[in-house]
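**Q** Below is a structure I'd like to ask you about.
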Amino acid sequence: MNVRVGARTDVGRVRQGNEDNYLSSMPLFGVADGMGGHLAGEVASETAIEAIRAAAAGDDAPTADRLREYVGEANSAVWAKAQDDPDLRGMGTTCTLLSLDGTQVHLAHVGDSRAYIFRKGELAQLTEDHTLVERMVQEGRLKPEEAQHHPQRSIITRALGVDASVEVDVQTQAVRPGDRLLLCSDGLSSMIEEGAIGETLGSDLDPQAVADRLVDLANEAGGEDNITVVVLDVVDEHAKDALRAGADSSPGRDADELAEPGGARRRSKRGWFVGIAFLTLAALAVGAYRYAVTNVLWFVGVEGDAVTIFHGFPEDVGFLSYREPAERTDLEVDELPEFVRQDVIEGHKVDSLADAHEYVENLEARAGEFASPAPEPSPEPTS
Ligand code: MG
């Protein structure tokens, strides 16, 4: 098999920078959605993609196991970089990686970027989101349609670069001419309904036009996040000009497997549901921890009487708390003017250590301005 490819990444309509990255280099394709303060998310996704590119150089047909290794290497690269630079600490990235290998594709996946297959007019999600809301859906506590708009939908339970090692999901799917595959960041899947994704993939547009259309739709729906899509049309290797519409007739395939591309996933989900039910609380704890490490990195709060910079997050998520004092300042909470004191007592969240320093400097200035009129500095009495 061969593929024809369309890809696009877009900052969206709300974010300042684009923390997504993608890879489109036959036979390897991928999407990474970074997170972390300031530029850290961008660094994380770029580091991951570059590490994968380097690890896979010269590999003409990466197997599922090789994909797992590549994602592992990407994890190590992001983790190492985050350890070296305090401004990058806690950064992470999703990664959904696909390789074409003859009549099948392999997928490796961590986080909430997705892979879909569109076949014979039907869309099926191949990857399972590593998110809190997906867990809640599996546990029957949330309907799938509620998950898409859930306020905590972006809390992911697995990411690259937030730990020295990471668990990677891999799978292999048979493909045939006429299949259309989609890799996307959550900036697409959280903004438009799957019906609209399926409709667009079902159009006669070429892969690049489909990629462009999907990005446009996400932007029209608000563009609240960075949007990245990679669209792959599976074509017969020997029919260079094969059209999607005419490439739908290779004989000897398993009809059931073709009719229900998501069947394997649904079956395995059911099994997992039973297995994981009693681990719900542990899962929530892991989710909360990942949330802390990947979503909220720093805050300025109080320890004892001292204004202190913390790593972590001020409030408890579920029953779990994660906060570590990082730097104690000379400022005492009583010195703060009333209107900022409460903010600090509750914990003022910032995106990076640098921002925390800036905020503390601000507090110091405010403390000076609003201090009860200090006695005019008088010359030291000399006697
Ligand atoms: Mg995103």
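Within each chain, counting starts at residue 1; across the structure tokens, chains are named A, B, ... in the order shown, with ligands numbered 1 upward in that order.
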List as a tab-separated table every residue of chain A that is in contact with ligand 1, defined as an atom at most 9 Å from one of its atoms (using only C-alpha atoms and all ligand atoms), together with the nearest atom pair and the distance in Å rounded to one decimal, sorted by chain and then rising number.

**A**
```
residue	atom	partner	partner_atom_place_in_ligand_line	distance
A:Glu19	CA	ligand 1	1 (Mg)	7.7
A:Asp20	CA	ligand 1	1 (Mg)	7.1
A:Ala32	CA	ligand 1	1 (Mg)	8.8
A:Asp33	CA	ligand 1	1 (Mg)	5.4
A:Gly34	CA	ligand 1	1 (Mg)	7.3
A:Met35	CA	ligand 1	1 (Mg)	7.9
A:Thr94	CA	ligand 1	1 (Mg)	8.7
A:Asp112	CA	ligand 1	1 (Mg)	8.2
A:Ser113	CA	ligand 1	1 (Mg)	7.7
A:Ser154	CA	ligand 1	1 (Mg)	7.7
A:Ser185	CA	ligand 1	1 (Mg)	5.6
A:Asp186	CA	ligand 1	1 (Mg)	4.8
A:Gly187	CA	ligand 1	1 (Mg)	4.9
A:Leu188	CA	ligand 1	1 (Mg)	8.3
A:Ser190	CA	ligand 1	1 (Mg)	8.7
A:Glu224	CA	ligand 1	1 (Mg)	8.9
A:Asp225	CA	ligand 1	1 (Mg)	5.5
A:Asn226	CA	ligand 1	1 (Mg)	5.6
A:Ile227	CA	ligand 1	1 (Mg)	7.0
A:Thr228	CA	ligand 1	1 (Mg)	8.6
```

**Q** So that I have them on file, write out the residues from the current selection with N, CA and C atoms, as a JSON list (two decimals), in the first residue's frame.

**A**
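Generated output (result-v8.json):
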```
[["chain", "number", "residue", "atom", "x", "y", "z"],
["A", 19, "GLU", "N", 1.39, 24.92, 20.22],
["A", 19, "GLU", "CA", 2.17, 23.91, 20.94],
["A", 19, "GLU", "C", 2.05, 22.53, 20.30],
["A", 20, "ASP", "N", 1.34, 22.45, 19.18],
["A", 20, "ASP", "CA", 1.23, 21.18, 18.45],
["A", 20, "ASP", "C", 2.40, 21.04, 17.47],
["A", 32, "ALA", "N", 1.75, 15.51, 17.83],
["A", 32, "ALA", "CA", 2.13, 15.70, 19.23],
["A", 32, "ALA", "C", 1.56, 17.03, 19.70],
["A", 33, "ASP", "N", 0.95, 17.02, 20.87],
["A", 33, "ASP", "CA", 0.29, 18.21, 21.42],
["A", 33, "ASP", "C", 0.94, 18.50, 22.77],
["A", 34, "GLY", "N", 1.76, 19.55, 22.78],
["A", 34, "GLY", "CA", 2.54, 19.83, 23.98],
["A", 34, "GLY", "C", 1.79, 20.64, 25.01],
["A", 35, "MET", "N", 2.27, 20.55, 26.25],
["A", 35, "MET", "CA", 1.67, 21.35, 27.32],
["A", 35, "MET", "C", 2.75, 21.76, 28.31],
["A", 94, "THR", "N", 1.49, 14.92, 24.24],
["A", 94, "THR", "CA", 0.83, 13.72, 23.76],
["A", 94, "THR", "C", 1.63, 13.22, 22.56],
["A", 112, "ASP", "N", -4.16, 12.33, 24.51],
["A", 112, "ASP", "CA", -5.51, 12.48, 23.96],
["A", 112, "ASP", "C", -5.54, 12.94, 22.51],
["A", 113, "SER", "N", -4.39, 12.89, 21.84],
["A", 113, "SER", "CA", -4.47, 13.05, 20.38],
["A", 113, "SER", "C", -5.01, 11.73, 19.85],
["A", 154, "SER", "N", -9.70, 18.13, 29.17],
["A", 154, "SER", "CA", -8.30, 18.17, 28.77],
["A", 154, "SER", "C", -7.36, 17.61, 29.83],
["A", 185, "SER", "N", -4.97, 16.38, 16.83],
["A", 185, "SER", "CA", -4.86, 16.82, 18.22],
["A", 185, "SER", "C", -6.27, 17.13, 18.73],
["A", 186, "ASP", "N", -6.41, 17.29, 20.04],
["A", 186, "ASP", "CA", -7.74, 17.51, 20.61],
["A", 186, "ASP", "C", -8.33, 18.86, 20.20],
["A", 187, "GLY", "N", -7.50, 19.72, 19.63],
["A", 187, "GLY", "CA", -8.03, 20.99, 19.11],
["A", 187, "GLY", "C", -9.04, 20.77, 17.99],
["A", 188, "LEU", "N", -8.96, 19.60, 17.34],
["A", 188, "LEU", "CA", -10.00, 19.24, 16.37],
["A", 188, "LEU", "C", -11.14, 18.50, 17.06],
["A", 190, "SER", "N", -12.12, 18.15, 20.06],
["A", 190, "SER", "CA", -12.92, 18.76, 21.12],
["A", 190, "SER", "C", -13.77, 19.92, 20.58],
["A", 224, "GLU", "N", -10.66, 26.98, 19.94],
["A", 224, "GLU", "CA", -10.18, 27.27, 21.31],
["A", 224, "GLU", "C", -8.81, 26.69, 21.63],
["A", 225, "ASP", "N", -8.33, 25.80, 20.78],
["A", 225, "ASP", "CA", -7.04, 25.17, 21.03],
["A", 225, "ASP", "C", -6.29, 25.10, 19.70],
["A", 226, "ASN", "N", -5.02, 24.77, 19.78],
["A", 226, "ASN", "CA", -4.26, 24.53, 18.56],
["A", 226, "ASN", "C", -4.86, 23.31, 17.85],
["A", 227, "ILE", "N", -4.84, 23.36, 16.53],
["A", 227, "ILE", "CA", -5.49, 22.29, 15.74],
["A", 227, "ILE", "C", -4.45, 21.68, 14.80],
["A", 228, "THR", "N", -4.32, 20.36, 14.87],
["A", 228, "THR", "CA", -3.39, 19.68, 13.96],
["A", 228, "THR", "C", -4.05, 18.44, 13.39]]
```

**Q** Find the residues near Arg114 (chain A): any atom within 8 Å, counting only C-alpha atoms, skip ones fewer than 6 places away on the same chain, and give them as number ranges by chain.

**A** A: 96, 125-129, 182-186

**Q** Take the residues from that selection and write them out as a PDB file, in the first residue's frame, keeping N, CA, C and O atoms.

**A**
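Result file is again.pdb:
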```pdb
ATOM      1  N   THR A  96       0.725  10.607  19.065  1.00  0.00           N
ATOM      2  CA  THR A  96       0.056   9.531  18.344  1.00  0.00           C
ATOM      3  C   THR A  96       0.839   9.329  17.051  1.00  0.00           C
ATOM      4  O   THR A  96       0.993  10.250  16.256  1.00  0.00           O
ATOM      5  N   GLN A 125     -12.959   5.516  15.872  1.00  0.00           N
ATOM      6  CA  GLN A 125     -11.778   5.999  16.585  1.00  0.00           C
ATOM      7  C   GLN A 125     -10.925   4.791  16.947  1.00  0.00           C
ATOM      8  O   GLN A 125     -11.420   3.832  17.553  1.00  0.00           O
ATOM      9  N   LEU A 126      -9.659   4.818  16.561  1.00  0.00           N
ATOM     10  CA  LEU A 126      -8.780   3.677  16.818  1.00  0.00           C
ATOM     11  C   LEU A 126      -8.098   3.777  18.179  1.00  0.00           C
ATOM     12  O   LEU A 126      -7.819   2.768  18.809  1.00  0.00           O
ATOM     13  N   THR A 127      -7.791   4.980  18.577  1.00  0.00           N
ATOM     14  CA  THR A 127      -7.072   5.165  19.847  1.00  0.00           C
ATOM     15  C   THR A 127      -8.063   5.427  20.975  1.00  0.00           C
ATOM     16  O   THR A 127      -9.189   5.859  20.748  1.00  0.00           O
ATOM     17  N   GLU A 128      -7.588   5.169  22.148  1.00  0.00           N
ATOM     18  CA  GLU A 128      -8.396   5.405  23.338  1.00  0.00           C
ATOM     19  C   GLU A 128      -7.740   6.580  24.075  1.00  0.00           C
ATOM     20  O   GLU A 128      -6.541   6.555  24.339  1.00  0.00           O
ATOM     21  N   ASP A 129      -8.515   7.618  24.360  1.00  0.00           N
ATOM     22  CA  ASP A 129      -7.933   8.790  25.030  1.00  0.00           C
ATOM     23  C   ASP A 129      -7.437   8.421  26.422  1.00  0.00           C
ATOM     24  O   ASP A 129      -8.131   7.725  27.168  1.00  0.00           O
ATOM     25  N   LEU A 182      -7.018   9.383   9.859  1.00  0.00           N
ATOM     26  CA  LEU A 182      -6.860  10.742  10.375  1.00  0.00           C
ATOM     27  C   LEU A 182      -6.119  10.693  11.707  1.00  0.00           C
ATOM     28  O   LEU A 182      -6.472   9.920  12.600  1.00  0.00           O
ATOM     29  N   LEU A 183      -5.074  11.492  11.826  1.00  0.00           N
ATOM     30  CA  LEU A 183      -4.449  11.741  13.128  1.00  0.00           C
ATOM     31  C   LEU A 183      -4.778  13.181  13.487  1.00  0.00           C
ATOM     32  O   LEU A 183      -4.695  14.063  12.624  1.00  0.00           O
ATOM     33  N   CYS A 184      -5.138  13.441  14.738  1.00  0.00           N
ATOM     34  CA  CYS A 184      -5.480  14.826  15.071  1.00  0.00           C
ATOM     35  C   CYS A 184      -5.218  15.124  16.543  1.00  0.00           C
ATOM     36  O   CYS A 184      -5.237  14.228  17.390  1.00  0.00           O
ATOM     37  N   SER A 185      -4.967  16.381  16.829  1.00  0.00           N
ATOM     38  CA  SER A 185      -4.863  16.818  18.217  1.00  0.00           C
ATOM     39  C   SER A 185      -6.273  17.126  18.726  1.00  0.00           C
ATOM     40  O   SER A 185      -7.229  17.213  17.959  1.00  0.00           O
ATOM     41  N   ASP A 186      -6.407  17.294  20.041  1.00  0.00           N
ATOM     42  CA  ASP A 186      -7.738  17.508  20.609  1.00  0.00           C
ATOM     43  C   ASP A 186      -8.328  18.857  20.197  1.00  0.00           C
ATOM     44  O   ASP A 186      -9.518  19.090  20.400  1.00  0.00           O
TER      45      ASP A 186
END
```

**Q** Determine the nearest neighbour of Gln208 (chain A) from the options A:Gln148, A:Thr9, A:Asn2, A:Gln83, counting only C-alpha atoms.

**A**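 Under the stated criterion, the closest residue is A:Thr9.
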
**Q** Please identify the strand (DSSP E) residues within region 67-194 of chain A (assignment by DSSP from backbone atoms) and present them as an NGL selection string.

**A** :A and (92-93 or 95-101 or 104-110 or 114-119 or 122-125 or 169-174 or 180-184)

**Q** Which of these, A:Asn18, A:Ser24, A:Gln171, A:Gln138, has the shortest distance to Arg4 (chain A) once you count only C-alpha atoms?

**A**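 Closest candidate: A:Ser24.
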
**Q** Can you pull out the residues contacting region 333-346 of chain A? Cut-off 6 Å, using only C-alpha atoms, and skip same-chain residues under 3 positions away; I want them as a list in words.

**A**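 Using only C-alpha atoms, the neighbours found are Gly301, Val302, Asp305, Ala306, Val307, Ala367 and Phe370 of chain A.
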
**Q** Would you mind reading off the distance between CA of Asn219 (chain A) and CA of Lys349 (chain A), one decimal, in Å?

**A**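 If I compute the distance from CA of Asn219 (chain A) to CA of Lys349 (chain A), I get 28.2 Å.
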
**Q** When distances are computed from only C-alpha atoms, which of A:Leu160, A:Ile197, A:Ala57, A:Ala147 shows the smallest separation from Ser45 (chain A)?

**A**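 Closest candidate: A:Leu160.
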
**Q** I need the residues of region 90-245 of chain A that end up classed as helix (DSSP H, G or I) by DSSP on the backbone, written out as number ranges by chain.

**A** A: 132-138, 144-147, 186-189, 194-201, 207-220

**Q** Rank A:Arg89, A:His106, A:Lys120, A:Lys143 by their smallest atom-to-atom distance to Gly36 (chain A), using only C-alpha atoms, and report the top residue only.

**A**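 Ranking A:Arg89, A:His106, A:Lys120, A:Lys143 by distance to Gly36 (chain A), first place goes to A:Arg89.
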
**Q** Need to verify the contact set: Thr103 (chain A), 10 Å, only C-alpha atoms, exclusion of same-chain residues closer than 5 positions in sequence. Can you return it as number ranges by chain?

**A** A: 1-2, 173-177, 234, 236

**Q** In terms of the shortest atom-to-atom distance over only C-alpha atoms, which of A:Arg366, A:Arg323, A:Arg15, A:Arg53 is closest to Leu39 (chain A)?

**A**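 Selected residue with least distance to Leu39 (chain A): A:Arg15.
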